[in-house]
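Asks: So I've got this file, structure_1.tsv, and it contains TSV, C-alpha atoms:
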chain	number	residue	atom	x	y	z
A	1	MET	CA	15.05	48.18	-15.71
A	2	ASP	CA	14.85	47.25	-19.38
A	3	ILE	CA	17.96	45.79	-21.03
A	4	ARG	CA	17.85	45.59	-24.80
A	5	SER	CA	20.06	45.49	-27.86
A	6	THR	CA	21.32	48.85	-29.12
A	7	ASP	CA	22.38	49.85	-32.61
A	8	LEU	CA	24.87	52.38	-31.20
A	9	SER	CA	23.07	55.36	-32.70
A	10	GLY	CA	21.45	56.95	-29.65
A	11	THR	CA	23.10	60.07	-28.25
A	12	GLU	CA	23.00	58.79	-24.66
A	13	VAL	CA	24.66	55.48	-25.60
A	14	LEU	CA	27.29	57.24	-27.72
A	15	ALA	CA	28.09	59.67	-24.91
A	16	LEU	CA	28.54	56.87	-22.36
A	17	LEU	CA	30.72	54.90	-24.78
A	18	GLU	CA	32.83	58.01	-25.38
A	19	LEU	CA	33.22	58.52	-21.63
A	20	HIS	CA	34.17	54.86	-21.16
A	21	HIS	CA	36.68	54.94	-24.02
A	22	GLY	CA	38.27	58.14	-22.75
A	23	GLU	CA	38.61	56.85	-19.18
A	24	MET	CA	40.11	53.55	-20.29
A	25	GLN	CA	42.67	55.37	-22.46
A	26	HIS	CA	43.50	57.83	-19.68
A	27	PHE	CA	43.88	55.32	-16.84
A	28	SER	CA	45.72	52.59	-18.77
A	29	PRO	CA	49.49	52.65	-19.30
A	30	PRO	CA	50.63	52.85	-22.95
A	31	GLY	CA	50.17	49.56	-24.78
A	32	THR	CA	47.81	48.06	-22.19
A	33	CYS	CA	44.41	49.44	-23.21
A	34	HIS	CA	42.15	47.08	-25.17
A	35	VAL	CA	38.92	49.09	-25.16
A	36	LEU	CA	36.94	48.90	-28.39
A	37	ASP	CA	36.05	52.11	-30.16
A	38	LEU	CA	32.70	52.59	-31.89
A	39	SER	CA	33.83	50.90	-35.11
A	40	GLY	CA	35.15	47.95	-33.09
A	41	LEU	CA	31.82	47.54	-31.35
A	42	LYS	CA	30.08	47.43	-34.74
A	43	GLU	CA	32.09	44.45	-35.98
A	44	PRO	CA	30.27	41.18	-36.70
A	45	GLY	CA	30.02	38.84	-33.73
A	46	ILE	CA	29.59	41.62	-31.16
A	47	ASP	CA	26.23	42.26	-29.50
A	48	VAL	CA	25.87	45.54	-27.61
A	49	PHE	CA	23.19	46.14	-24.98
A	50	ALA	CA	21.90	49.13	-23.04
A	51	ALA	CA	20.05	49.14	-19.72
A	52	TRP	CA	17.33	51.75	-19.36
A	53	ASP	CA	15.02	53.10	-16.69
A	54	GLY	CA	12.45	54.73	-18.91
A	55	GLU	CA	14.41	57.29	-20.92
A	56	ARG	CA	17.38	57.23	-18.52
A	57	LEU	CA	20.44	55.22	-19.62
A	58	LEU	CA	21.82	53.16	-16.74
A	59	ALA	CA	24.54	50.98	-18.28
A	60	ILE	CA	26.03	49.51	-21.41
A	61	GLY	CA	27.76	46.21	-22.12
A	62	ALA	CA	28.84	44.09	-25.06
A	63	LEU	CA	29.43	40.42	-25.72
A	64	LYS	CA	32.00	39.35	-28.33
A	65	GLN	CA	31.74	35.84	-29.71
A	66	HIS	CA	34.91	33.78	-30.03
A	67	GLU	CA	35.33	30.14	-30.93
A	68	GLY	CA	34.59	28.34	-27.68
A	69	PHE	CA	33.81	31.30	-25.41
A	70	ALA	CA	32.16	34.72	-25.16
A	71	GLU	CA	34.03	37.85	-24.05
A	72	ILE	CA	32.58	40.77	-22.12
A	73	LYS	CA	33.55	44.14	-23.61
A	74	SER	CA	32.75	47.78	-22.85
A	75	MET	CA	30.74	47.16	-19.71
A	76	ARG	CA	30.11	50.50	-18.00
A	77	ALA	CA	27.49	51.92	-15.67
A	78	HIS	CA	26.48	55.52	-16.20
A	79	PRO	CA	28.06	57.76	-13.51
A	80	ASP	CA	24.58	58.76	-12.31
A	81	ALA	CA	23.58	55.07	-11.99
A	82	ARG	CA	26.48	53.84	-9.88
A	83	GLY	CA	25.31	52.01	-6.79
A	84	THR	CA	21.87	51.29	-8.27
A	85	GLY	CA	22.58	47.70	-9.32
A	86	ALA	CA	22.73	48.58	-13.01
A	87	GLY	CA	26.19	47.02	-13.42
A	88	LYS	CA	25.10	43.83	-11.68
A	89	ALA	CA	21.98	43.65	-13.86
A	90	MET	CA	24.02	44.17	-17.03
A	91	LEU	CA	26.56	41.51	-16.04
A	92	THR	CA	23.75	39.07	-15.26
A	93	TYR	CA	22.18	39.81	-18.63
A	94	LEU	CA	25.48	39.34	-20.53
A	95	ILE	CA	26.15	36.01	-18.81
A	96	GLU	CA	22.63	34.78	-19.57
A	97	HIS	CA	22.93	35.97	-23.18
A	98	ALA	CA	26.21	34.04	-23.52
A	99	ARG	CA	24.61	30.93	-22.02
A	100	SER	CA	21.54	31.14	-24.28
A	101	SER	CA	23.89	31.59	-27.26
A	102	GLY	CA	25.48	28.23	-26.46
A	103	PHE	CA	28.67	29.30	-24.68
A	104	ASP	CA	30.02	27.47	-21.63
A	105	THR	CA	32.61	30.10	-20.69
A	106	VAL	CA	32.65	33.88	-20.40
A	107	LYS	CA	35.98	35.70	-20.27
A	108	LEU	CA	37.09	39.30	-19.88
A	109	GLU	CA	40.16	41.51	-19.74
A	110	THR	CA	40.36	44.48	-17.41
A	111	GLY	CA	42.89	46.76	-15.78
A	112	SER	CA	44.25	47.31	-12.29
A	113	GLY	CA	44.08	50.24	-9.93
A	114	PRO	CA	41.42	52.41	-8.29
A	115	VAL	CA	39.38	53.05	-11.46
A	116	PHE	CA	38.98	49.30	-12.01
A	117	GLU	CA	38.39	48.12	-8.42
A	118	ALA	CA	34.58	48.27	-8.47
A	119	ALA	CA	34.38	46.33	-11.74
A	120	VAL	CA	36.85	43.70	-10.57
A	121	GLY	CA	34.92	43.35	-7.32
A	122	LEU	CA	31.71	42.82	-9.28
A	123	TYR	CA	33.29	40.21	-11.55
A	124	ARG	CA	34.81	38.36	-8.60
A	125	SER	CA	31.44	38.41	-6.77
A	126	PHE	CA	29.96	36.51	-9.74
A	127	GLY	CA	32.69	33.88	-9.52
A	128	PHE	CA	35.08	35.07	-12.21
A	129	GLU	CA	38.56	33.71	-11.55
A	130	PRO	CA	41.97	34.69	-12.98
A	131	CYS	CA	42.75	32.80	-16.17
A	132	PRO	CA	45.59	32.39	-18.68
A	133	SER	CA	46.03	34.32	-21.92
A	134	PHE	CA	43.22	34.38	-24.48
A	135	ALA	CA	42.38	36.28	-27.68
A	136	GLY	CA	45.85	37.83	-27.81
A	137	TYR	CA	45.67	39.31	-24.31
A	138	VAL	CA	48.57	38.67	-21.97
A	139	PRO	CA	48.09	39.03	-18.21
A	140	GLY	CA	50.56	41.31	-16.52
A	141	GLU	CA	51.06	43.87	-13.79
A	142	PHE	CA	48.23	46.02	-15.19
A	143	ASN	CA	46.14	43.72	-17.40
A	144	LYS	CA	44.08	41.10	-15.60
A	145	LEU	CA	42.22	38.25	-17.27
A	146	TYR	CA	39.21	36.46	-15.80
A	147	ALA	CA	36.95	33.58	-16.80
A	148	LEU	CA	33.67	32.14	-15.55
A	149	ASP	CA	32.37	28.66	-16.33
A	150	ILE	CA	28.65	28.95	-17.15
A	151	GLY	CA	28.14	25.45	-18.61
Please re-express this file's structure in structure tokens.

Replies:
Amino acid sequence: MDIRSTDLSGTEVLALLELHHGEMQHFSPPGTCHVLDLSGLKEPGIDVFAAWDGERLLAIGALKQHEGFAEIKSMRAHPDARGTGAGKAMLTYLIEHARSSGFDTVKLETGSGPVFEAAVGLYRSFGFEPCPSFAGYVPGEFNKLYALDIG
């Protein structure tokens, strides 16, 4: 598996981002979805990565830099790569990228319900714990916030 930076121009990456964006919009109650669209992922301070097996896209993930912490955004395994360890590899890569960029904490916001259970399980298996509000997010019945100390 090769994980590398992506400029968001490849058709496979764009298709997976579109799928991710659509699912997050569909499975999130109104006013609770914080998924970044393509223009949001191109903003300064956001690094986007893609995991590949040769020419086959396995996963995507992004890291947004904040003052004092890094935030995981748009992490999504390709449907054909679920169960292959691609999500775990991407999460490991994002955490290591945050650490090598000088951050001591990684945070994320996610949803609740069946569509989000696998991701939440993965985050919890890495040691992410519920945390208070950050970056304008407010935890609630649907929105869940997590942090991991990597310092």

Asks: Would you pick out the contacts of segment 118-135 of chain A at 6 Å or less, using all atoms listed in the file, so that residues sharing its chain but fewer than 5 positions from it are not included, and give the list as a list in words?

Replies: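 These residues fall inside the cut-off: Leu145, Tyr146, Ala147 and Leu148 of chain A.
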
Asks: Using all atoms listed in the file, can you tell me which of A:Arg99, A:Arg76, A:His34, A:Arg82 comes closest to Gly61 of chain A?

Replies: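 Nearest candidate to Gly61 of chain A out of A:Arg99, A:Arg76, A:His34, A:Arg82: A:Arg76.
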
Asks: A:Pro139, A:Pro114, A:Gly31, A:Gly87: which is nearest Phe49 of chain A, counting all atoms listed in the file?

Replies: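 Going through A:Pro139, A:Pro114, A:Gly31, A:Gly87 one by one, the smallest distance to Phe49 of chain A is for A:Gly87.
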
Asks: Need the neighbours of (29.1, 38.0, -29.2): which residues are at most 9 Å away, counting only C-alpha atoms, as JSON, numbers by chain?

Replies: {"A": [44, 45, 46, 47, 48, 62, 63, 64, 65, 66, 70, 71, 72, 97, 98, 101]}

Asks: Any chance you could export the current selection's C-alpha atoms as a PDB file, in the coordinates of the input?

Replies:
ATOM      1  CA  PRO A  44      30.270  41.180 -36.700  1.00  0.00           C
ATOM      2  CA  GLY A  45      30.020  38.840 -33.730  1.00  0.00           C
ATOM      3  CA  ILE A  46      29.590  41.620 -31.160  1.00  0.00           C
ATOM      4  CA  ASP A  47      26.230  42.260 -29.500  1.00  0.00           C
ATOM      5  CA  VAL A  48      25.870  45.540 -27.610  1.00  0.00           C
ATOM      6  CA  ALA A  62      28.840  44.090 -25.060  1.00  0.00           C
ATOM      7  CA  LEU A  63      29.430  40.420 -25.720  1.00  0.00           C
ATOM      8  CA  LYS A  64      32.000  39.350 -28.330  1.00  0.00           C
ATOM      9  CA  GLN A  65      31.740  35.840 -29.710  1.00  0.00           C
ATOM     10  CA  HIS A  66      34.910  33.780 -30.030  1.00  0.00           C
ATOM     11  CA  ALA A  70      32.160  34.720 -25.160  1.00  0.00           C
ATOM     12  CA  GLU A  71      34.030  37.850 -24.050  1.00  0.00           C
ATOM     13  CA  ILE A  72      32.580  40.770 -22.120  1.00  0.00           C
ATOM     14  CA  HIS A  97      22.930  35.970 -23.180  1.00  0.00           C
ATOM     15  CA  ALA A  98      26.210  34.040 -23.520  1.00  0.00           C
ATOM     16  CA  SER A 101      23.890  31.590 -27.260  1.00  0.00           C
TER      17      SER A 101
END

Asks: Name the residues in contact with Ala77 of chain A at a cut-off of 9 Å, using only C-alpha atoms, excluding same-chain residues fewer than 4 positions from it; report them as a PyMOL selection string.

Replies: chain A and resi 16+51+57-61+81-82+86-87+90

Asks: Would you work out the distance separating atom CA of Asn143 of chain A from atom CA of Gly85 of chain A, expressed in Å to one decimal?

Replies: 25.2 Å

Asks: Return the padded bounding box of segment 144-150 of chain A as JSON: axis-aligned, built from all atoms listed in the file, 8 Å added on each side, with centre and edge lengths in Å to one decimal.

Replies:
{"center_x": 36.4, "center_y": 34.9, "center_z": -16.4, "size_x": 31.4, "size_y": 28.4, "size_z": 17.7}

Asks: May I ask for the distance between atom CA of Arg56 of chain A and atom CA of Gln25 of chain A, given in Å to one decimal place?

Replies: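 Going from atom CA of Arg56 of chain A over to atom CA of Gln25 of chain A, I get 25.7 Å.
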
Asks: Could you check which of A:Gly10, A:Pro29, A:Gly40, A:Gly151 is closest to Ser100 of chain A, using all atoms listed in the file?

Replies: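 Looking at the shortest contact to Ser100 of chain A, the residue is A:Gly151.
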
Asks: Work out how far apart atom CA of Leu41 of chain A and atom CA of Gly54 of chain A are and give it in Å to one decimal.

Replies: 24.1 Å

Asks: Residues within 10 Å of His21 of chain A, please, as number ranges by chain. Count all atoms listed in the file; anything in the same chain fewer than 5 positions from it doesn't count.

Replies: A: 15-16, 26, 33-38, 74, 76

Asks: Pick from A:Met1, A:Val13, A:Met24, A:Ile150: nearest to Phe103 of chain A, with only C-alpha atoms counted?

Replies: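 Closest residue, counting only C-alpha atoms: A:Ile150.
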
Asks: Within 6 Å of (33.4, 28.0, -23.5) (coordinates as in the file), grab all the protein and nucleic acid residues, counting only C-alpha atoms, and write them out as a PyMOL selection string.

Replies: chain A and resi 68-69+103-105

Asks: Which residue, A:Glu117, A:Glu18, A:Asp149, A:Glu109, has the smallest gap to Glu96 of chain A when you use all atoms listed in the file?

Replies: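 Looking only at the distances to Glu96 of chain A, the closest residue turns out to be A:Asp149.
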
Asks: Give the answer as one residue: which of A:Gly136, A:Gly111, A:Gly102, A:Asp7 has the shortest atom-to-atom distance to Thr32 of chain A, using all atoms listed in the file?

Replies: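 For Thr32 of chain A, the nearest of the candidates is A:Gly111.
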
Asks: Where atoms are missing, can you supply all heavy atoms for segment 31-42 of chain A and output the lot as a short mmCIF file (atom, residue, chain, number, x, y, z; two decimals), in the frame of the given file?

Replies:
data_model
loop_
_atom_site.label_atom_id
_atom_site.label_comp_id
_atom_site.auth_asym_id
_atom_site.auth_seq_id
_atom_site.Cartn_x
_atom_site.Cartn_y
_atom_site.Cartn_z
N GLY A 31 50.07 50.93 -24.30
CA GLY A 31 50.17 49.56 -24.78
C GLY A 31 49.36 48.55 -24.00
O GLY A 31 49.41 47.35 -24.30
N THR A 32 48.57 49.01 -23.01
CA THR A 32 47.81 48.06 -22.19
C THR A 32 46.30 48.20 -22.34
O THR A 32 45.55 47.42 -21.77
CB THR A 32 48.15 48.23 -20.69
OG1 THR A 32 47.75 49.53 -20.27
CG2 THR A 32 49.63 48.02 -20.43
N CYS A 33 45.84 49.18 -23.10
CA CYS A 33 44.41 49.44 -23.21
C CYS A 33 43.82 48.68 -24.40
O CYS A 33 44.29 48.83 -25.53
CB CYS A 33 44.16 50.95 -23.37
SG CYS A 33 42.41 51.37 -23.35
N HIS A 34 42.78 47.90 -24.14
CA HIS A 34 42.15 47.08 -25.17
C HIS A 34 40.68 47.44 -25.37
O HIS A 34 39.91 46.63 -25.86
CB HIS A 34 42.29 45.60 -24.82
CG HIS A 34 43.71 45.17 -24.65
ND1 HIS A 34 44.58 45.06 -25.70
CD2 HIS A 34 44.42 44.87 -23.53
CE1 HIS A 34 45.77 44.68 -25.25
NE2 HIS A 34 45.69 44.57 -23.93
N VAL A 35 40.31 48.66 -25.00
CA VAL A 35 38.92 49.09 -25.16
C VAL A 35 38.59 49.21 -26.65
O VAL A 35 39.43 49.63 -27.45
CB VAL A 35 38.68 50.44 -24.42
CG1 VAL A 35 39.46 51.58 -25.04
CG2 VAL A 35 37.20 50.77 -24.36
N LEU A 36 37.39 48.79 -27.00
CA LEU A 36 36.94 48.90 -28.39
C LEU A 36 36.34 50.28 -28.64
O LEU A 36 35.58 50.78 -27.81
CB LEU A 36 35.88 47.84 -28.70
CG LEU A 36 36.34 46.39 -28.67
CD1 LEU A 36 35.15 45.46 -28.93
CD2 LEU A 36 37.44 46.14 -29.71
N ASP A 37 36.69 50.86 -29.77
CA ASP A 37 36.05 52.11 -30.16
C ASP A 37 34.72 51.77 -30.84
O ASP A 37 34.34 50.60 -30.94
CB ASP A 37 36.97 52.96 -31.04
CG ASP A 37 37.32 52.29 -32.37
OD1 ASP A 37 36.71 51.26 -32.73
OD2 ASP A 37 38.22 52.81 -33.05
N LEU A 38 34.02 52.79 -31.30
CA LEU A 38 32.70 52.59 -31.89
C LEU A 38 32.75 51.64 -33.07
O LEU A 38 31.91 50.74 -33.18
CB LEU A 38 32.10 53.94 -32.30
CG LEU A 38 30.66 53.93 -32.77
CD1 LEU A 38 29.74 53.38 -31.69
CD2 LEU A 38 30.22 55.33 -33.18
N SER A 39 33.74 51.79 -33.95
CA SER A 39 33.83 50.90 -35.11
C SER A 39 34.10 49.46 -34.66
O SER A 39 33.58 48.52 -35.26
CB SER A 39 34.89 51.38 -36.09
OG SER A 39 36.18 51.32 -35.51
N GLY A 40 34.88 49.28 -33.61
CA GLY A 40 35.15 47.95 -33.09
C GLY A 40 33.91 47.29 -32.53
O GLY A 40 33.72 46.07 -32.67
N LEU A 41 33.06 48.08 -31.91
CA LEU A 41 31.82 47.54 -31.35
C LEU A 41 30.80 47.19 -32.43
O LEU A 41 29.83 46.47 -32.16
CB LEU A 41 31.22 48.52 -30.35
CG LEU A 41 31.96 48.63 -29.02
CD1 LEU A 41 31.45 49.83 -28.23
CD2 LEU A 41 31.85 47.35 -28.22
N LYS A 42 31.00 47.71 -33.64
CA LYS A 42 30.08 47.43 -34.74
C LYS A 42 30.51 46.24 -35.58
O LYS A 42 29.83 45.89 -36.54
CB LYS A 42 29.94 48.68 -35.63
CG LYS A 42 29.19 49.81 -34.96
CD LYS A 42 29.02 50.99 -35.90
CE LYS A 42 28.19 52.09 -35.26
NZ LYS A 42 27.98 53.22 -36.18
#
